[in-house]
Every structure is written in C-alpha cells, then in structure tokens.
Amino acid sequence: MSAYQRPPLWKDVARDANDDDPEAGRLMSERIASEIRSAVLSGEMKPGTRIRQELLAAHFGASRIPVREALKQLENEGLVVLAPNRGAWIADVNSEESIEIYKIREAVEPLAIGESILNLTDEDIETLDRIVRELEQVTTLEEYIQLDREFHLRTYARARMPQLLTMVERFWNSTQHFRRQFVNETYAKDGFPFSDPQHVLIMDAIRARDVEAAQVLVRLHIRRTRVVIQTTETGAAQPPIAKRGRPPYARFGSVYRGKSANE
C-alpha cells in the first residue's frame, strides 16, 4: 500500500492555513502533484489504484483544496483519472489503447524531433550523448526507464511547439507503466546491461543535424516497440531483440569522438 493510501503518522498544524493563503495553497498543490507524479512514474503507485483524497490531504498536512488542484493537474498530464462523484484513480491503459497511442506517437514524435533538432545547443547534444552512454551501463530497470524517458523528451525539448510537446509528454505518461512491463519482459529479460543501438543511431543523426534521418529513426524506434507489443499480445513469434552487451561504437563514427565505451 502506498503512503498516500494509508493514514499518516503525523499531522501538520499549518494544514488549515493553506485555505487562507493562495500562494501557500499553490505551493502545496505543486508539491503534492510533484510527489504523486514521481510515485506514479517510478511505479510506486500502480495503474488503477484508487486515490483517497482525504488520506492524501492528511498525508501532506493540507486541506482538500490543494489536493483537488494537484489531481486536476495530474489529470491534464494523463497520470490520473477523475470521475464526478466517484473519486480518482491512477490512470491505466490496456494493450489495445497502448498500441493506439504508439501509432499516434509514430506520427507526432518525428515531427517533434524535426522541429527540435536544429535548435539543440552544443550543450544539449553533450547532455544527450552522456545519457546514451549511461543507458549502456545501467544495472536496474528503473534507471533505464528514467534515462530512456529523459533522453527522448530532451531530444524534442527545443521544438517551439508547446502544444505538441504537451501532447507527447501526456502519451509518455499514460504508457509509462506499460513501457516498464514491456522492457522488463523483453529487452531486460536476460538482465542488465543490455544494448539498444537505435539510441546510438538517433544520437548520430542529432550530432549531424540530419533532420530526415532522425525522424526516420525515431519512427522506426517507436514502431519496433509497437510491433513487439502486438506480437506479444497475439502470441506470434517475437522479432529479434538486441542481445546483452555494448554496441559496436566504431561503426557510428562521430557519435563518441573516439571515447571508450567504458568512460
């Protein structure tokens, strides 16, 4: 049971003051949203879990007003479902809905990277480069899920299309738990670390500022996951998955500029 579903061990005497101080209420709402967001994305709070607002308010030492505002924000982000007179739940999607979302992602994320790539700074590229190297060395599922998410969303971050970026992040949020299960049951089934050369290829295209190549690679990267999900659901033979170990960096030329895979 999550800490947000059981009675708290303490109370904050300032909880009722939030209703009289709009700024304090806003900050409390942001804190609640931030902590629930982290708990959902890390898998601590499972999809379909009922959220009891009174326990949530007691846990944070707050009134229900900032709790409701936090849940509304999380609903906008695709992490929570609110039903009038019924309550709130951690959002869930089934495999069919997940496949639909992946199909939409195949269309919109190439647009996002195409709009972003020419605006990425040298510092952005060095950060992405570092994340790719770290992805090849992680030893836990949660490390991989976090870094994979950070890598892809950073590649889109310089797109000057805020509505598109909001849409993309919402899709990532709503399928986070499915992606965790998928990685665990496919790519990580033989343990960590494992190799995903497609990240390296995307990084190569970004370094070259090759918009067309980056868009094609992102589309194929997402499609590969969708195809594996579909074949898993139908019981068909799965397409081959990259084996454990590191990719042959020498093949990708300028990506690491001669850096050792162990650096």
# chains A, B, ... in the order shown; residues from 1 in each chain; ligands from 1
call {"tool": "residues_around", "arguments": {"residues": "A:Asn173", "least_positions_apart": "4", "cutoff": "8 Å", "atoms": "only C-alpha atoms", "output": "PDB file with N, CA, C and O atoms, in the first residue's frame"}}
result
ATOM      1  N   LEU A  41       5.335   7.580 -11.893  1.00  0.00           N
ATOM      2  CA  LEU A  41       6.318   7.292 -12.936  1.00  0.00           C
ATOM      3  C   LEU A  41       7.361   6.279 -12.482  1.00  0.00           C
ATOM      4  O   LEU A  41       7.939   5.562 -13.298  1.00  0.00           O
ATOM      5  N   GLU A  77      -2.100  15.838 -17.268  1.00  0.00           N
ATOM      6  CA  GLU A  77      -0.862  15.204 -17.710  1.00  0.00           C
ATOM      7  C   GLU A  77      -1.054  13.733 -18.089  1.00  0.00           C
ATOM      8  O   GLU A  77      -0.104  13.064 -18.497  1.00  0.00           O
ATOM      9  N   GLY A  78      -2.270  13.226 -17.925  1.00  0.00           N
ATOM     10  CA  GLY A  78      -2.544  11.850 -18.286  1.00  0.00           C
ATOM     11  C   GLY A  78      -2.172  10.834 -17.226  1.00  0.00           C
ATOM     12  O   GLY A  78      -2.131   9.629 -17.514  1.00  0.00           O
ATOM     13  N   LEU A  79      -1.921  11.282 -16.006  1.00  0.00           N
ATOM     14  CA  LEU A  79      -1.487  10.376 -14.941  1.00  0.00           C
ATOM     15  C   LEU A  79      -2.618   9.949 -14.014  1.00  0.00           C
ATOM     16  O   LEU A  79      -2.514   8.924 -13.333  1.00  0.00           O
ATOM     17  N   GLU A 169       4.344  14.433 -24.068  1.00  0.00           N
ATOM     18  CA  GLU A 169       4.596  14.045 -22.678  1.00  0.00           C
ATOM     19  C   GLU A 169       3.396  13.319 -22.079  1.00  0.00           C
ATOM     20  O   GLU A 169       3.556  12.372 -21.301  1.00  0.00           O
TER      21      GLU A 169
END
call {"tool": "residues_around", "arguments": {"residues": "A:Leu27", "least_positions_apart": "4", "cutoff": "12 Å", "atoms": "only C-alpha atoms", "output": "list of chain:residue names"}}
result
A:Asn18, A:Asp19, A:Asp21, A:Pro22, A:Glu23, A:Arg31, A:Ile32, A:Ala33, A:Ser34, A:Phe60, A:Ala62, A:Ile65, A:Pro66, A:Val67, A:Glu69, A:Ala70
call {"tool": "closest_residue", "arguments": {"among": "A:Lys72, A:Asp190, A:Asn85, A:Ile51", "to": "A:Thr139", "atoms": "only C-alpha atoms"}}
result
A:Asp190
call {"tool": "closest_atom_pairs", "arguments": {"of": "stretch 157-200 of chain A", "to": "stretch 89-92 of chain A", "cutoff": "12 Å", "atoms": "only C-alpha atoms", "output": "Markdown table"}}
result
| residue | atom | partner | partner_atom | distance |
| --- | --- | --- | --- | --- |
| A:Arg170 | CA | A:Ala91 | CA | 11.3 |
| A:Phe171 | CA | A:Ala91 | CA | 11.6 |
| A:Asn173 | CA | A:Ala91 | CA | 9.1 |
| A:Ser174 | CA | A:Ala91 | CA | 6.8 |
| A:Thr175 | CA | A:Asp92 | CA | 8.0 |
| A:Gln176 | CA | A:Asp92 | CA | 9.6 |
| A:His177 | CA | A:Asp92 | CA | 8.2 |
| A:Phe178 | CA | A:Asp92 | CA | 8.9 |
call {"tool": "closest_residue", "arguments": {"among": "A:Leu153, A:Ala188, A:Arg207, A:Gln53", "to": "A:Glu123", "atoms": "only C-alpha atoms"}}
result
A:Arg207
call {"tool": "residues_around", "arguments": {"residues": "A:Val216", "least_positions_apart": "5", "cutoff": "10 Å", "atoms": "only C-alpha atoms", "output": "ChimeraX atom specification"}}
result
/A:106,110,114,202,205,211,221
call {"tool": "residues_around", "arguments": {"residues": "A:Leu120", "least_positions_apart": "2", "cutoff": "12 Å", "atoms": "only C-alpha atoms", "output": "PyMOL selection string"}}
result
chain A and resi 113-118+122-128+154-160+206-209+211
call {"tool": "write_last_selection", "arguments": {"atoms": "N, CA, C and O atoms", "output": "short mmCIF file (atom, residue, chain, number, x, y, z; two decimals), in the first residue's frame"}}
result
data_model
loop_
_atom_site.label_atom_id
_atom_site.label_comp_id
_atom_site.auth_asym_id
_atom_site.auth_seq_id
_atom_site.Cartn_x
_atom_site.Cartn_y
_atom_site.Cartn_z
N ILE A 113 10.94 15.84 -33.08
CA ILE A 113 12.40 15.88 -33.20
C ILE A 113 12.81 16.72 -34.41
O ILE A 113 13.85 17.39 -34.39
N GLY A 114 11.99 16.71 -35.47
CA GLY A 114 12.30 17.53 -36.63
C GLY A 114 12.27 19.02 -36.33
O GLY A 114 13.07 19.79 -36.84
N GLU A 115 11.33 19.42 -35.44
CA GLU A 115 11.23 20.82 -35.05
C GLU A 115 12.27 21.21 -34.01
O GLU A 115 12.55 22.39 -33.83
N SER A 116 12.83 20.21 -33.34
CA SER A 116 13.76 20.48 -32.24
C SER A 116 15.23 20.45 -32.65
O SER A 116 16.04 21.23 -32.15
N ILE A 117 15.58 19.56 -33.55
CA ILE A 117 16.98 19.18 -33.74
C ILE A 117 17.87 20.36 -34.15
O ILE A 117 19.01 20.47 -33.69
N LEU A 118 17.36 21.25 -34.97
CA LEU A 118 18.19 22.38 -35.41
C LEU A 118 18.32 23.45 -34.33
O LEU A 118 19.16 24.35 -34.45
N ASP A 122 24.94 23.02 -28.44
CA ASP A 122 26.05 22.07 -28.24
C ASP A 122 25.98 21.43 -26.85
O ASP A 122 26.28 20.25 -26.69
N GLU A 123 25.57 22.22 -25.87
CA GLU A 123 25.43 21.68 -24.52
C GLU A 123 24.32 20.62 -24.46
O GLU A 123 24.47 19.59 -23.78
N ASP A 124 23.21 20.88 -25.17
CA ASP A 124 22.13 19.89 -25.24
C ASP A 124 22.66 18.58 -25.81
O ASP A 124 22.35 17.49 -25.28
N ILE A 125 23.44 18.67 -26.86
CA ILE A 125 23.94 17.48 -27.53
C ILE A 125 24.90 16.71 -26.64
O ILE A 125 24.87 15.47 -26.57
N GLU A 126 25.74 17.42 -25.92
CA GLU A 126 26.66 16.75 -24.99
C GLU A 126 25.89 16.04 -23.87
O GLU A 126 26.26 14.94 -23.45
N THR A 127 24.79 16.67 -23.41
CA THR A 127 23.97 16.03 -22.39
C THR A 127 23.32 14.76 -22.92
O THR A 127 23.31 13.72 -22.26
N LEU A 128 22.78 14.82 -24.14
CA LEU A 128 22.18 13.65 -24.76
C LEU A 128 23.21 12.55 -24.97
O LEU A 128 22.93 11.36 -24.76
N ARG A 154 14.22 15.01 -24.03
CA ARG A 154 15.22 16.06 -24.27
C ARG A 154 15.46 16.28 -25.76
O ARG A 154 15.76 17.40 -26.19
N THR A 155 15.37 15.20 -26.55
CA THR A 155 15.59 15.39 -27.99
C THR A 155 14.49 16.24 -28.62
O THR A 155 14.69 16.86 -29.66
N TYR A 156 13.31 16.28 -27.99
CA TYR A 156 12.18 17.06 -28.51
C TYR A 156 12.08 18.44 -27.88
O TYR A 156 11.31 19.29 -28.35
N ALA A 157 12.82 18.68 -26.81
CA ALA A 157 12.56 19.82 -25.94
C ALA A 157 12.71 21.18 -26.60
O ALA A 157 12.11 22.16 -26.16
N ARG A 158 13.52 21.27 -27.67
CA ARG A 158 13.75 22.58 -28.32
C ARG A 158 12.75 22.85 -29.44
O ARG A 158 12.86 23.87 -30.13
N ALA A 159 11.77 21.97 -29.63
CA ALA A 159 10.71 22.26 -30.60
C ALA A 159 9.88 23.43 -30.09
O ALA A 159 9.44 23.42 -28.94
N ARG A 160 9.67 24.41 -30.92
CA ARG A 160 8.92 25.60 -30.50
C ARG A 160 7.44 25.40 -30.76
O ARG A 160 6.77 26.21 -31.41
N ILE A 206 21.46 13.23 -34.64
CA ILE A 206 21.37 14.52 -33.96
C ILE A 206 22.69 15.28 -34.08
O ILE A 206 22.70 16.48 -34.36
N ARG A 207 23.79 14.57 -33.88
CA ARG A 207 25.10 15.24 -33.99
C ARG A 207 25.31 15.80 -35.40
O ARG A 207 25.90 16.86 -35.56
N ALA A 208 24.83 15.08 -36.40
CA ALA A 208 24.99 15.52 -37.78
C ALA A 208 23.94 16.55 -38.17
O ALA A 208 23.98 17.07 -39.30
N ARG A 209 23.00 16.85 -37.26
CA ARG A 209 21.88 17.76 -37.54
C ARG A 209 21.11 17.27 -38.76
O ARG A 209 20.61 18.07 -39.57
N VAL A 211 18.00 16.06 -39.96
CA VAL A 211 16.60 16.03 -39.55
C VAL A 211 15.89 14.80 -40.12
O VAL A 211 15.18 14.08 -39.40
#
